[in-house]
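Note sheet for the following structure.
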Amino acid sequence: MNVPNNLKYTKDHEWIKIDGDTATIGITDFAQGELGDIVYVEVETIGETLDKDEVFGTVEAVKTVSDLYLPLTGEILEFNEDLEDEPEMVNEEPYDKGWMIKMKIANQDEVKELMDAETYKSHIE
Amino acid sequence: MKSTALNPIHHQLGAKMVPFAGYEMPVSYSGVNIEHETVRQHLGVFDVSHMGEFFVEGKEALDLIQKVTTNDASKLVDGQAQYTCMPNETGGIVDDLIIYKFNAEKFMMVVNASNIQKDWDWIHSHNSFDAKLSDLSDEYSLLAIQGPKAVEAMQSISPLDLSDIKFYHFEVGEFGGAQDVIISATGYTGSGGFEIYFKNKDAEQIWTSVLEAGKGHGIQPIGLAARDTLRLEMGMCLYGNDIDETTSPIEAKLGWITKFTKDFINAEALKKEKENGPSRKLIAFEVLDKGIPRHDYELLNSEGESIGHVTSGTMSPSLKKAIGMGYVKAEYAKFGTEILIQIRKKQIKAVIVKPPFYKA
C-alpha cells in the first residue's frame, strides 16, 4: 500500500499536500482500491468556503458512491478538470494526476490535527 | 462466515473478498471494468458456489414443483432447465430460481444463496406430496464459465460435444477430469457459456483445468461486482434488489414465466392482477445527464412528482452510460418516457428503454 511520507492524511482516507496556505487534496491509494473503478468525480463547490468535515464533492465508482469530506476549513479554489475526461487517474495515480481539489487554508491550527503517514498506515491496517 | 471450497484459491489470487449472503466471496480480482470486458469479449470464470441446490425426487416431485413455482415445469424434457420463481401468498416473490429436470422423478432447484433457508422452509411447508427434498447446497460447487469463447475453450476438457448442448439444456458427464458434472448451458451474463455443478471434492481440480483450458482464450477469474454489471446490462432481475417479497411477478415483467395453465400458490390473485394490469411496473432506463442511479433513489415524473424508485443502477462498462432499473407507476412505464432521478440535491434526466441494454 502506497502511503507517501510527505503528505498528511484523514481517517476518511483523503491525503493533503500542504504548500504554504494552500492545500491539494485527493483520496489515498487505499481508498481508490476500496472503491474500485472510478467513473466520475463531482465537485460543485468551487469558490465556496466550507467548514472542516463538510462534504465538498462525491466520487462515483462502478459499484458505489462515496462523499468527499473537506479535511480543513477554507475556500475551494480549483477542481482538477482533467478528471472529467480521465476519472481513472484517481485509480492509477491517486497522489499525482488523480488529485481532486486545491483549497485555501483558513486555519493553520487544523493542519496540526491531520495524521502523518505513519499514523495513517496504522489506521488502515 | 461460510466459505466455498475455492476460498483459499481466491485469497492466493489476491481477490478482494467481501461478505455476501453469509459467505466470504470474491467481489473483484483485477477491477470490475476489465473483468466485465473479459466476459463480453473473451471468457471468464466465476465461483458462485454460494448458490443453493435442492434436489426433489419421487413420484410426485413434479407436483410439488408445479405447486410452488409459477412457470410450467410439465413442459420440460429430460435434460432441460427452466427459469421460474416461487410466489408467496401475498402477491410477492419468495425467490427466483432455475429448475433442472433429470427425469420424471428427479429435479434440481437452484436458488439464491441469501434465501437458502427461507426457500427450504417454504418448499417444505408446501410438501404435501410424495416428494423427497434434499438440500445439497453445502456439498455442491458451482462455476459459471461465461463468454463467447466458452464452448471452444472448454471442449478440450470434456468428451461430451459441448456445442450440442442447447441454451437452457444440460448434460451430466465428465468435465475437467471429474465425473458426474452437471454441464448446463445457462448463465447470468448474456454472453453465453456454461454453469457447471459438481461435488466440492472436485472443486480445485476443475478450477485448475478450466483455467488451463481457457488460457489461450484469455480466461480470467471474475468477481461478483462484474457479475452484477453484466446481468444488469441484460436487464436481468437480482433478488433483493429488483424483486422481493413485496414485488409481484406481474409487476416485475415476469409474466412470461407465470403460467396460468396450471395451479400454483396465489395463482388466482396474480391472474387477476395480470387481467387488471399492475399499478406499477419494473422498467429499464438509460441516464441522459451525468450521474449514476443507485438502489432506492427516488424516480420522478417531468413535473418533479414522485413516481417510484430505483432498484438497480450502475455505470454500464460496455455502453459507457449510466443505466438502471426501477419501479414506476404503470402510466409512466412506456418506452421513450422521460423521467427524473433524484441524486442527492440534483434531479437528472433519464429515458425508459426496452431491455436488454447490451445487445451482443
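Ordered as shown in the C-alpha cells, chains take letters A, B, and onward, while each chain numbers its residues from 1 and ligands are numbered from 1 in the order shown.
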
Would you give me, as a ChimeraX atom specification, the residues of chain B that come within 9 Å of chain A, using only C-alpha atoms?
/B:16,28,31-33,225,228-229,290-292,294,313-317

Selection to disk with all heavy atoms, as an mmCIF file, in the first residue's frame:
```
data_model
loop_
_atom_site.group_PDB
_atom_site.id
_atom_site.type_symbol
_atom_site.label_atom_id
_atom_site.label_comp_id
_atom_site.auth_asym_id
_atom_site.auth_seq_id
_atom_site.Cartn_x
_atom_site.Cartn_y
_atom_site.Cartn_z
ATOM 1 N N LYS B 16 -10.275 -9.319 -3.979
ATOM 2 C CA LYS B 16 -10.871 -8.541 -2.899
ATOM 3 C C LYS B 16 -12.074 -9.344 -2.419
ATOM 4 O O LYS B 16 -12.982 -9.646 -3.188
ATOM 5 C CB LYS B 16 -11.298 -7.182 -3.436
ATOM 6 C CG LYS B 16 -11.650 -6.196 -2.355
ATOM 7 C CD LYS B 16 -11.613 -4.800 -2.937
ATOM 8 C CE LYS B 16 -12.940 -4.124 -2.714
ATOM 9 N NZ LYS B 16 -13.031 -2.899 -3.505
ATOM 10 N N SER B 28 -13.936 -8.775 -6.608
ATOM 11 C CA SER B 28 -13.182 -8.480 -7.828
ATOM 12 C C SER B 28 -11.758 -8.980 -7.689
ATOM 13 O O SER B 28 -11.266 -9.186 -6.580
ATOM 14 C CB SER B 28 -13.211 -6.991 -8.161
ATOM 15 O OG SER B 28 -12.363 -6.290 -7.295
ATOM 16 N N GLY B 31 -10.321 -5.702 -11.222
ATOM 17 C CA GLY B 31 -11.088 -4.476 -11.406
ATOM 18 C C GLY B 31 -12.356 -4.784 -12.188
ATOM 19 O O GLY B 31 -12.323 -5.560 -13.145
ATOM 20 N N VAL B 32 -13.464 -4.175 -11.793
ATOM 21 C CA VAL B 32 -14.768 -4.549 -12.363
ATOM 22 C C VAL B 32 -14.845 -4.284 -13.864
ATOM 23 O O VAL B 32 -15.366 -5.104 -14.627
ATOM 24 C CB VAL B 32 -15.936 -3.893 -11.580
ATOM 25 C CG1 VAL B 32 -15.820 -2.390 -11.527
ATOM 26 C CG2 VAL B 32 -17.285 -4.295 -12.150
ATOM 27 N N ASN B 33 -14.303 -3.168 -14.339
ATOM 28 C CA ASN B 33 -14.420 -2.864 -15.775
ATOM 29 C C ASN B 33 -13.682 -3.866 -16.649
ATOM 30 O O ASN B 33 -14.213 -4.342 -17.646
ATOM 31 C CB ASN B 33 -13.899 -1.452 -16.075
ATOM 32 C CG ASN B 33 -14.900 -0.387 -15.668
ATOM 33 O OD1 ASN B 33 -16.101 -0.621 -15.669
ATOM 34 N ND2 ASN B 33 -14.403 0.783 -15.317
ATOM 35 N N ALA B 225 -18.790 -8.284 -8.504
ATOM 36 C CA ALA B 225 -19.085 -6.926 -8.982
ATOM 37 C C ALA B 225 -19.392 -6.953 -10.470
ATOM 38 O O ALA B 225 -20.387 -6.385 -10.925
ATOM 39 C CB ALA B 225 -17.916 -5.985 -8.688
ATOM 40 N N ASP B 228 -22.669 -8.556 -11.377
ATOM 41 C CA ASP B 228 -23.806 -7.644 -11.255
ATOM 42 C C ASP B 228 -23.910 -6.691 -12.446
ATOM 43 O O ASP B 228 -25.000 -6.465 -12.967
ATOM 44 C CB ASP B 228 -23.697 -6.866 -9.937
ATOM 45 C CG ASP B 228 -24.968 -6.082 -9.645
ATOM 46 O OD1 ASP B 228 -26.060 -6.682 -9.748
ATOM 47 O OD2 ASP B 228 -24.877 -4.884 -9.353
ATOM 48 N N THR B 229 -22.792 -6.125 -12.913
ATOM 49 C CA THR B 229 -22.880 -5.198 -14.054
ATOM 50 C C THR B 229 -23.277 -5.954 -15.325
ATOM 51 O O THR B 229 -24.017 -5.428 -16.151
ATOM 52 C CB THR B 229 -21.562 -4.428 -14.274
ATOM 53 O OG1 THR B 229 -20.466 -5.357 -14.390
ATOM 54 C CG2 THR B 229 -21.279 -3.469 -13.139
ATOM 55 N N LYS B 290 -25.358 13.573 -16.418
ATOM 56 C CA LYS B 290 -24.262 12.973 -15.664
ATOM 57 C C LYS B 290 -24.754 12.542 -14.280
ATOM 58 O O LYS B 290 -25.402 13.322 -13.590
ATOM 59 C CB LYS B 290 -23.147 14.008 -15.513
ATOM 60 C CG LYS B 290 -21.779 13.394 -15.594
ATOM 61 C CD LYS B 290 -20.703 14.447 -15.761
ATOM 62 C CE LYS B 290 -19.377 13.777 -16.026
ATOM 63 N NZ LYS B 290 -18.269 14.735 -16.001
ATOM 64 N N GLY B 291 -24.398 11.328 -13.872
ATOM 65 C CA GLY B 291 -24.822 10.843 -12.562
ATOM 66 C C GLY B 291 -25.145 9.369 -12.668
ATOM 67 O O GLY B 291 -25.452 8.878 -13.749
ATOM 68 N N ILE B 292 -25.058 8.679 -11.544
ATOM 69 C CA ILE B 292 -25.301 7.237 -11.547
ATOM 70 C C ILE B 292 -26.423 6.910 -10.572
ATOM 71 O O ILE B 292 -26.361 7.263 -9.400
ATOM 72 C CB ILE B 292 -24.011 6.477 -11.174
ATOM 73 C CG1 ILE B 292 -22.903 6.834 -12.173
ATOM 74 C CG2 ILE B 292 -24.265 4.969 -11.160
ATOM 75 C CD1 ILE B 292 -21.576 6.225 -11.860
ATOM 76 N N ARG B 294 -28.643 4.751 -8.050
ATOM 77 C CA ARG B 294 -28.342 3.682 -7.078
ATOM 78 C C ARG B 294 -29.645 3.191 -6.471
ATOM 79 O O ARG B 294 -30.640 3.937 -6.433
ATOM 80 C CB ARG B 294 -27.422 4.203 -5.964
ATOM 81 C CG ARG B 294 -26.163 4.908 -6.430
ATOM 82 C CD ARG B 294 -25.096 3.958 -6.918
ATOM 83 N NE ARG B 294 -23.905 4.685 -7.350
ATOM 84 C CZ ARG B 294 -22.872 4.097 -7.950
ATOM 85 N NH1 ARG B 294 -22.880 2.803 -8.200
ATOM 86 N NH2 ARG B 294 -21.830 4.802 -8.309
ATOM 87 N N GLY B 313 -28.755 0.058 -10.228
ATOM 88 C CA GLY B 313 -28.162 1.073 -11.099
ATOM 89 C C GLY B 313 -26.664 0.940 -11.120
ATOM 90 O O GLY B 313 -26.059 0.480 -10.151
ATOM 91 N N THR B 314 -26.080 1.323 -12.244
ATOM 92 C CA THR B 314 -24.623 1.257 -12.360
ATOM 93 C C THR B 314 -24.179 2.070 -13.558
ATOM 94 O O THR B 314 -24.994 2.484 -14.380
ATOM 95 C CB THR B 314 -24.154 -0.206 -12.524
ATOM 96 O OG1 THR B 314 -22.729 -0.271 -12.384
ATOM 97 C CG2 THR B 314 -24.497 -0.763 -13.901
ATOM 98 N N MET B 315 -22.883 2.282 -13.675
ATOM 99 C CA MET B 315 -22.303 2.750 -14.912
ATOM 100 C C MET B 315 -22.095 1.488 -15.735
ATOM 101 O O MET B 315 -21.459 0.549 -15.274
ATOM 102 C CB MET B 315 -20.979 3.452 -14.628
ATOM 103 C CG MET B 315 -20.260 3.929 -15.865
ATOM 104 S SD MET B 315 -21.213 5.154 -16.772
ATOM 105 C CE MET B 315 -20.422 6.647 -16.257
ATOM 106 N N SER B 316 -22.663 1.437 -16.943
ATOM 107 C CA SER B 316 -22.510 0.247 -17.771
ATOM 108 C C SER B 316 -21.128 0.219 -18.387
ATOM 109 O O SER B 316 -20.786 1.098 -19.175
ATOM 110 C CB SER B 316 -23.578 0.252 -18.871
ATOM 111 O OG SER B 316 -23.160 -0.550 -19.952
ATOM 112 N N PRO B 317 -20.314 -0.792 -18.059
ATOM 113 C CA PRO B 317 -18.965 -0.832 -18.612
ATOM 114 C C PRO B 317 -18.947 -1.004 -20.140
ATOM 115 O O PRO B 317 -18.060 -0.481 -20.801
ATOM 116 C CB PRO B 317 -18.329 -2.047 -17.923
ATOM 117 C CG PRO B 317 -19.090 -2.204 -16.650
ATOM 118 C CD PRO B 317 -20.500 -1.820 -17.022
#
```

Find the residues around range 266-275 of chain B up to 10 Å (only C-alpha atoms counted), leave out those fewer than 4 positions away in its own chain, and share them as number ranges by chain.
B: 67-70, 86-92, 248-251, 255, 258-262, 279

Write out as a ChimeraX atom specification the residues lying within 12 Å of Asp29 in chain A, counting only C-alpha atoms and excluding same-chain residues fewer than 6 positions away.
/A:1-4,9,13-15,35-36,89-96,98-99,120-121,124

Per-residue DSSP, range 164-287 of chain B, filtered to helix (DSSP H, G or I), as an MDAnalysis selection string:
chainID B and resid 164 200:217 224:233 255:257 267:276

Store the residues of this selection in a file with N, CA and C atoms, as a tab-separated table (two decimals), in the first residue's frame.
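That gives us part_7.tsv:
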```tsv
chain	number	residue	atom	x	y	z
B	164	ASP	N	-23.24	-29.08	-28.70
B	164	ASP	CA	-24.53	-29.74	-28.83
B	164	ASP	C	-25.52	-29.39	-27.72
B	200	ASN	N	-17.90	-30.74	-4.07
B	200	ASN	CA	-16.82	-29.90	-3.54
B	200	ASN	C	-15.44	-30.54	-3.67
B	201	LYS	N	-15.38	-31.87	-3.55
B	201	LYS	CA	-14.07	-32.54	-3.59
B	201	LYS	C	-13.37	-32.34	-4.94
B	202	ASP	N	-14.14	-32.06	-5.98
B	202	ASP	CA	-13.56	-31.87	-7.31
B	202	ASP	C	-13.25	-30.41	-7.63
B	203	ALA	N	-13.53	-29.52	-6.68
B	203	ALA	CA	-13.50	-28.08	-6.97
B	203	ALA	C	-12.13	-27.60	-7.46
B	204	GLU	N	-11.08	-27.95	-6.70
B	204	GLU	CA	-9.76	-27.44	-7.07
B	204	GLU	C	-9.31	-27.95	-8.43
B	205	GLN	N	-9.56	-29.24	-8.65
B	205	GLN	CA	-9.14	-29.85	-9.91
B	205	GLN	C	-9.88	-29.22	-11.09
B	206	ILE	N	-11.19	-29.04	-10.96
B	206	ILE	CA	-11.96	-28.46	-12.06
B	206	ILE	C	-11.55	-27.01	-12.31
B	207	TRP	N	-11.40	-26.25	-11.23
B	207	TRP	CA	-10.96	-24.84	-11.36
B	207	TRP	C	-9.65	-24.77	-12.14
B	208	THR	N	-8.70	-25.62	-11.75
B	208	THR	CA	-7.39	-25.61	-12.41
B	208	THR	C	-7.51	-26.00	-13.88
B	209	SER	N	-8.29	-27.05	-14.19
B	209	SER	CA	-8.41	-27.43	-15.61
B	209	SER	C	-9.14	-26.39	-16.42
B	210	VAL	N	-10.13	-25.73	-15.83
B	210	VAL	CA	-10.87	-24.69	-16.56
B	210	VAL	C	-9.92	-23.54	-16.92
B	211	LEU	N	-9.12	-23.12	-15.95
B	211	LEU	CA	-8.20	-22.00	-16.21
B	211	LEU	C	-7.14	-22.40	-17.24
B	212	GLU	N	-6.67	-23.64	-17.14
B	212	GLU	CA	-5.67	-24.15	-18.08
B	212	GLU	C	-6.27	-24.21	-19.51
B	213	ALA	N	-7.48	-24.76	-19.61
B	213	ALA	CA	-8.14	-24.88	-20.92
B	213	ALA	C	-8.46	-23.52	-21.53
B	214	GLY	N	-8.68	-22.53	-20.66
B	214	GLY	CA	-9.06	-21.21	-21.15
B	214	GLY	C	-7.90	-20.28	-21.42
B	215	LYS	N	-6.71	-20.73	-21.05
B	215	LYS	CA	-5.52	-19.89	-21.14
B	215	LYS	C	-5.33	-19.21	-22.49
B	216	GLY	N	-5.38	-19.99	-23.56
B	216	GLY	CA	-5.20	-19.44	-24.91
B	216	GLY	C	-6.39	-18.61	-25.38
B	217	HIS	N	-7.45	-18.54	-24.55
B	217	HIS	CA	-8.66	-17.81	-24.94
B	217	HIS	C	-8.90	-16.62	-24.03
B	224	LEU	N	-17.94	-10.92	-8.11
B	224	LEU	CA	-19.38	-10.62	-8.03
B	224	LEU	C	-19.74	-9.23	-8.55
B	225	ALA	N	-18.79	-8.28	-8.50
B	225	ALA	CA	-19.09	-6.93	-8.98
B	225	ALA	C	-19.39	-6.95	-10.47
B	226	ALA	N	-18.56	-7.65	-11.24
B	226	ALA	CA	-18.81	-7.74	-12.68
B	226	ALA	C	-20.02	-8.63	-12.98
B	227	ARG	N	-20.26	-9.62	-12.14
B	227	ARG	CA	-21.46	-10.44	-12.31
B	227	ARG	C	-22.70	-9.54	-12.27
B	228	ASP	N	-22.67	-8.56	-11.38
B	228	ASP	CA	-23.81	-7.64	-11.26
B	228	ASP	C	-23.91	-6.69	-12.45
B	229	THR	N	-22.79	-6.13	-12.91
B	229	THR	CA	-22.88	-5.20	-14.05
B	229	THR	C	-23.28	-5.95	-15.32
B	230	LEU	N	-22.80	-7.19	-15.46
B	230	LEU	CA	-23.14	-8.00	-16.64
B	230	LEU	C	-24.64	-8.32	-16.68
B	231	ARG	N	-25.20	-8.73	-15.54
B	231	ARG	CA	-26.63	-9.09	-15.52
B	231	ARG	C	-27.49	-7.84	-15.70
B	232	LEU	N	-27.02	-6.73	-15.15
B	232	LEU	CA	-27.83	-5.51	-15.25
B	232	LEU	C	-27.86	-5.01	-16.70
B	233	GLU	N	-26.77	-5.13	-17.43
B	233	GLU	CA	-26.77	-4.74	-18.85
B	233	GLU	C	-27.78	-5.58	-19.65
B	255	GLY	N	-44.18	-12.01	-16.33
B	255	GLY	CA	-45.38	-12.66	-16.84
B	255	GLY	C	-45.05	-13.85	-17.73
B	256	TRP	N	-43.92	-13.75	-18.43
B	256	TRP	CA	-43.51	-14.83	-19.34
B	256	TRP	C	-43.13	-16.11	-18.61
B	257	ILE	N	-42.88	-16.03	-17.30
B	257	ILE	CA	-42.62	-17.26	-16.53
B	257	ILE	C	-43.79	-17.55	-15.57
B	267	ALA	N	-52.07	-18.20	-7.41
B	267	ALA	CA	-52.33	-18.06	-8.85
B	267	ALA	C	-53.53	-17.15	-9.13
B	268	GLU	N	-54.57	-17.32	-8.34
B	268	GLU	CA	-55.80	-16.58	-8.61
B	268	GLU	C	-55.59	-15.06	-8.53
B	269	ALA	N	-54.92	-14.64	-7.47
B	269	ALA	CA	-54.69	-13.20	-7.29
B	269	ALA	C	-53.76	-12.65	-8.39
B	270	LEU	N	-52.76	-13.45	-8.74
B	270	LEU	CA	-51.83	-12.98	-9.78
B	270	LEU	C	-52.52	-12.90	-11.13
B	271	LYS	N	-53.45	-13.83	-11.37
B	271	LYS	CA	-54.18	-13.82	-12.63
B	271	LYS	C	-55.03	-12.55	-12.71
B	272	LYS	N	-55.66	-12.23	-11.60
B	272	LYS	CA	-56.47	-11.01	-11.54
B	272	LYS	C	-55.61	-9.77	-11.79
B	273	GLU	N	-54.41	-9.78	-11.18
B	273	GLU	CA	-53.51	-8.65	-11.36
B	273	GLU	C	-53.11	-8.50	-12.82
B	274	LYS	N	-52.87	-9.63	-13.46
B	274	LYS	CA	-52.48	-9.59	-14.87
B	274	LYS	C	-53.63	-9.04	-15.72
B	275	GLU	N	-54.85	-9.48	-15.42
B	275	GLU	CA	-56.02	-9.03	-16.19
B	275	GLU	C	-56.28	-7.54	-16.00
B	276	ASN	N	-56.18	-7.08	-14.75
B	276	ASN	CA	-56.46	-5.67	-14.47
B	276	ASN	C	-55.29	-4.75	-14.78
```

Give me, as a PyMOL selection string, the residues of chain A that a backbone DSSP run labels strand (DSSP E or B).
chain A and resi 8-9+14-19+22-27+38-42+49-50+55-61+65-69+74-79+101-105+115

Output N, CA and C atoms of each residue in that selection to a file, as a compact mmCIF listing (two decimals), in the first residue's frame.
```txt
# COMPACT_ATOMS: atom_id res chain seq x y z
N LYS A 8 -0.10 14.57 4.37
CA LYS A 8 -0.93 14.41 5.57
C LYS A 8 -2.18 13.61 5.18
N TYR A 9 -2.85 13.05 6.20
CA TYR A 9 -3.99 12.16 5.91
C TYR A 9 -5.15 12.39 6.88
N GLU A 14 -8.44 10.59 2.90
CA GLU A 14 -8.02 11.64 1.98
C GLU A 14 -6.58 12.00 2.31
N TRP A 15 -5.85 12.44 1.28
CA TRP A 15 -4.49 12.94 1.52
C TRP A 15 -4.46 14.44 1.28
N ILE A 16 -3.55 15.11 1.97
CA ILE A 16 -3.45 16.57 1.90
C ILE A 16 -1.98 16.93 1.73
N LYS A 17 -1.73 17.72 0.68
CA LYS A 17 -0.36 18.22 0.47
C LYS A 17 -0.38 19.70 0.82
N ILE A 18 0.39 20.08 1.84
CA ILE A 18 0.40 21.46 2.31
C ILE A 18 1.49 22.24 1.58
N ASP A 19 1.10 23.41 1.03
CA ASP A 19 2.07 24.28 0.36
C ASP A 19 1.75 25.70 0.79
N THR A 22 -1.99 27.06 0.85
CA THR A 22 -2.88 26.25 0.02
C THR A 22 -2.64 24.77 0.29
N ALA A 23 -3.69 24.00 0.03
CA ALA A 23 -3.60 22.55 0.21
C ALA A 23 -4.16 21.87 -1.03
N THR A 24 -3.50 20.79 -1.47
CA THR A 24 -4.01 19.96 -2.56
C THR A 24 -4.56 18.70 -1.91
N ILE A 25 -5.73 18.26 -2.41
CA ILE A 25 -6.43 17.14 -1.74
C ILE A 25 -6.84 16.06 -2.73
N GLY A 26 -6.67 14.85 -2.32
CA GLY A 26 -7.11 13.72 -3.13
C GLY A 26 -7.49 12.57 -2.21
N ILE A 27 -7.76 11.40 -2.79
CA ILE A 27 -8.02 10.22 -1.95
C ILE A 27 -6.84 9.27 -2.03
N ILE A 38 -13.23 3.96 -10.69
CA ILE A 38 -13.90 5.24 -10.51
C ILE A 38 -14.34 5.80 -11.86
N VAL A 39 -15.58 6.22 -11.95
CA VAL A 39 -16.12 6.65 -13.24
C VAL A 39 -16.48 8.13 -13.28
N TYR A 40 -16.41 8.81 -12.14
CA TYR A 40 -16.97 10.14 -12.12
C TYR A 40 -16.62 10.81 -10.78
N VAL A 41 -16.01 11.99 -10.85
CA VAL A 41 -15.76 12.77 -9.64
C VAL A 41 -16.54 14.07 -9.77
N GLU A 42 -17.40 14.34 -8.82
CA GLU A 42 -18.25 15.52 -8.90
C GLU A 42 -17.88 16.51 -7.79
N THR A 49 -16.70 28.63 0.58
CA THR A 49 -15.91 28.43 1.78
C THR A 49 -16.68 27.46 2.68
N LEU A 50 -16.05 26.36 2.99
CA LEU A 50 -16.71 25.31 3.77
C LEU A 50 -15.94 25.04 5.04
N VAL A 55 -19.10 18.14 3.30
CA VAL A 55 -18.97 17.43 2.02
C VAL A 55 -18.67 18.44 0.92
N PHE A 56 -17.55 18.23 0.21
CA PHE A 56 -17.23 19.15 -0.90
C PHE A 56 -17.46 18.51 -2.27
N GLY A 57 -17.76 17.20 -2.29
CA GLY A 57 -17.99 16.54 -3.57
C GLY A 57 -18.31 15.08 -3.34
N THR A 58 -18.44 14.36 -4.47
CA THR A 58 -18.69 12.92 -4.37
C THR A 58 -17.86 12.20 -5.42
N VAL A 59 -17.53 10.97 -5.12
CA VAL A 59 -16.83 10.16 -6.09
C VAL A 59 -17.69 8.92 -6.37
N GLU A 60 -17.97 8.72 -7.67
CA GLU A 60 -18.80 7.59 -8.09
C GLU A 60 -17.91 6.50 -8.68
N ALA A 61 -17.96 5.33 -8.11
CA ALA A 61 -17.29 4.17 -8.70
C ALA A 61 -18.38 3.33 -9.36
N VAL A 65 -20.91 4.75 -4.36
CA VAL A 65 -20.70 6.20 -4.34
C VAL A 65 -20.22 6.59 -2.96
N SER A 66 -19.33 7.60 -2.91
CA SER A 66 -18.79 8.00 -1.62
C SER A 66 -18.66 9.52 -1.56
N ASP A 67 -19.01 10.09 -0.41
CA ASP A 67 -18.85 11.54 -0.23
C ASP A 67 -17.40 11.89 0.00
N LEU A 68 -17.04 13.11 -0.39
CA LEU A 68 -15.70 13.62 -0.13
C LEU A 68 -15.81 14.69 0.95
N TYR A 69 -15.03 14.54 2.03
CA TYR A 69 -15.11 15.48 3.16
C TYR A 69 -13.92 16.41 3.16
N GLY A 74 -11.88 26.17 4.80
CA GLY A 74 -11.31 27.12 3.84
C GLY A 74 -12.08 27.17 2.54
N GLU A 75 -11.52 27.93 1.58
CA GLU A 75 -12.19 28.14 0.30
C GLU A 75 -11.70 27.12 -0.73
N ILE A 76 -12.64 26.54 -1.49
CA ILE A 76 -12.27 25.63 -2.58
C ILE A 76 -11.84 26.49 -3.76
N LEU A 77 -10.60 26.35 -4.18
CA LEU A 77 -10.06 27.20 -5.24
C LEU A 77 -10.18 26.58 -6.63
N GLU A 78 -9.95 25.30 -6.71
CA GLU A 78 -9.79 24.70 -8.03
C GLU A 78 -10.15 23.22 -7.99
N PHE A 79 -10.73 22.75 -9.09
CA PHE A 79 -11.02 21.31 -9.26
C PHE A 79 -10.14 20.79 -10.38
N ILE A 101 -8.86 18.51 -5.57
CA ILE A 101 -9.08 19.97 -5.43
C ILE A 101 -7.85 20.65 -4.81
N LYS A 102 -7.80 21.97 -5.03
CA LYS A 102 -6.89 22.81 -4.27
C LYS A 102 -7.75 23.76 -3.44
N MET A 103 -7.29 24.05 -2.22
CA MET A 103 -8.07 24.93 -1.34
C MET A 103 -7.17 25.90 -0.60
N LYS A 104 -7.77 26.96 -0.12
CA LYS A 104 -7.05 27.93 0.68
C LYS A 104 -7.31 27.61 2.15
N ILE A 105 -6.23 27.42 2.90
CA ILE A 105 -6.38 27.02 4.31
C ILE A 105 -6.73 28.24 5.16
N MET A 115 -3.31 13.52 10.25
CA MET A 115 -2.42 12.37 10.52
C MET A 115 -1.18 12.45 9.64
```

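Proximity ranking of A:Thr28, A:Thr45, A:Thr73, A:Thr10 relative to Asp109 in chain A places A:Thr73 first, based on only C-alpha atoms.
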
Spatial neighbours of Lys52 in chain A, max dist 6 Å, only C-alpha atoms, sep filter under 3 positions, as a PyMOL selection string
chain A and resi 70-73

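The spacing separating CA of Ser318 in chain B from CA of Tyr197 in chain B amounts to 28.6 Å.
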
Nearest-residue call for Phe54 in chain B, choices B:Met325, B:Ala144, B:Ile157, B:Ala113, using only C-alpha atoms
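Closest residue, counting only C-alpha atoms: B:Ala113.
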
I'd like the neighbourhood of range 240-246 of chain B as a list of chain:residue names, where a residue qualifies if any of its atoms comes within 6 Å (using only C-alpha atoms), though same-chain residues fewer than 5 positions away should be ignored.
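Near range 240-246 of chain B, the qualifying residues are B:Gly92, B:Ile93, B:Val94, B:Thr311.
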
Expected file: the selected residues, N, CA and C atoms, as a PDB file, in the first residue's frame:
```pdb
ATOM      1  N   GLY B  92     -46.167 -11.344  -3.573  1.00  0.00           N
ATOM      2  CA  GLY B  92     -44.744 -11.127  -3.807  1.00  0.00           C
ATOM      3  C   GLY B  92     -44.012 -12.395  -4.242  1.00  0.00           C
ATOM      4  N   ILE B  93     -42.691 -12.330  -4.203  1.00  0.00           N
ATOM      5  CA  ILE B  93     -41.856 -13.433  -4.683  1.00  0.00           C
ATOM      6  C   ILE B  93     -40.944 -13.924  -3.556  1.00  0.00           C
ATOM      7  N   VAL B  94     -40.983 -15.221  -3.292  1.00  0.00           N
ATOM      8  CA  VAL B  94     -40.115 -15.824  -2.268  1.00  0.00           C
ATOM      9  C   VAL B  94     -38.676 -15.884  -2.798  1.00  0.00           C
ATOM     10  N   THR B 311     -34.223   0.338  -8.384  1.00  0.00           N
ATOM     11  CA  THR B 311     -33.918  -0.922  -7.705  1.00  0.00           C
ATOM     12  C   THR B 311     -32.494  -1.393  -7.985  1.00  0.00           C
TER      13      THR B 311
END
```

Excluding Val172 in chain B and any residue of its chain fewer than 5 positions from it, enumerate the residues within 12 Å of it, using only C-alpha atoms, and give them as a PyMOL selection string.
chain B and resi 78-80+100-102+158-162+165+178-185+195-198
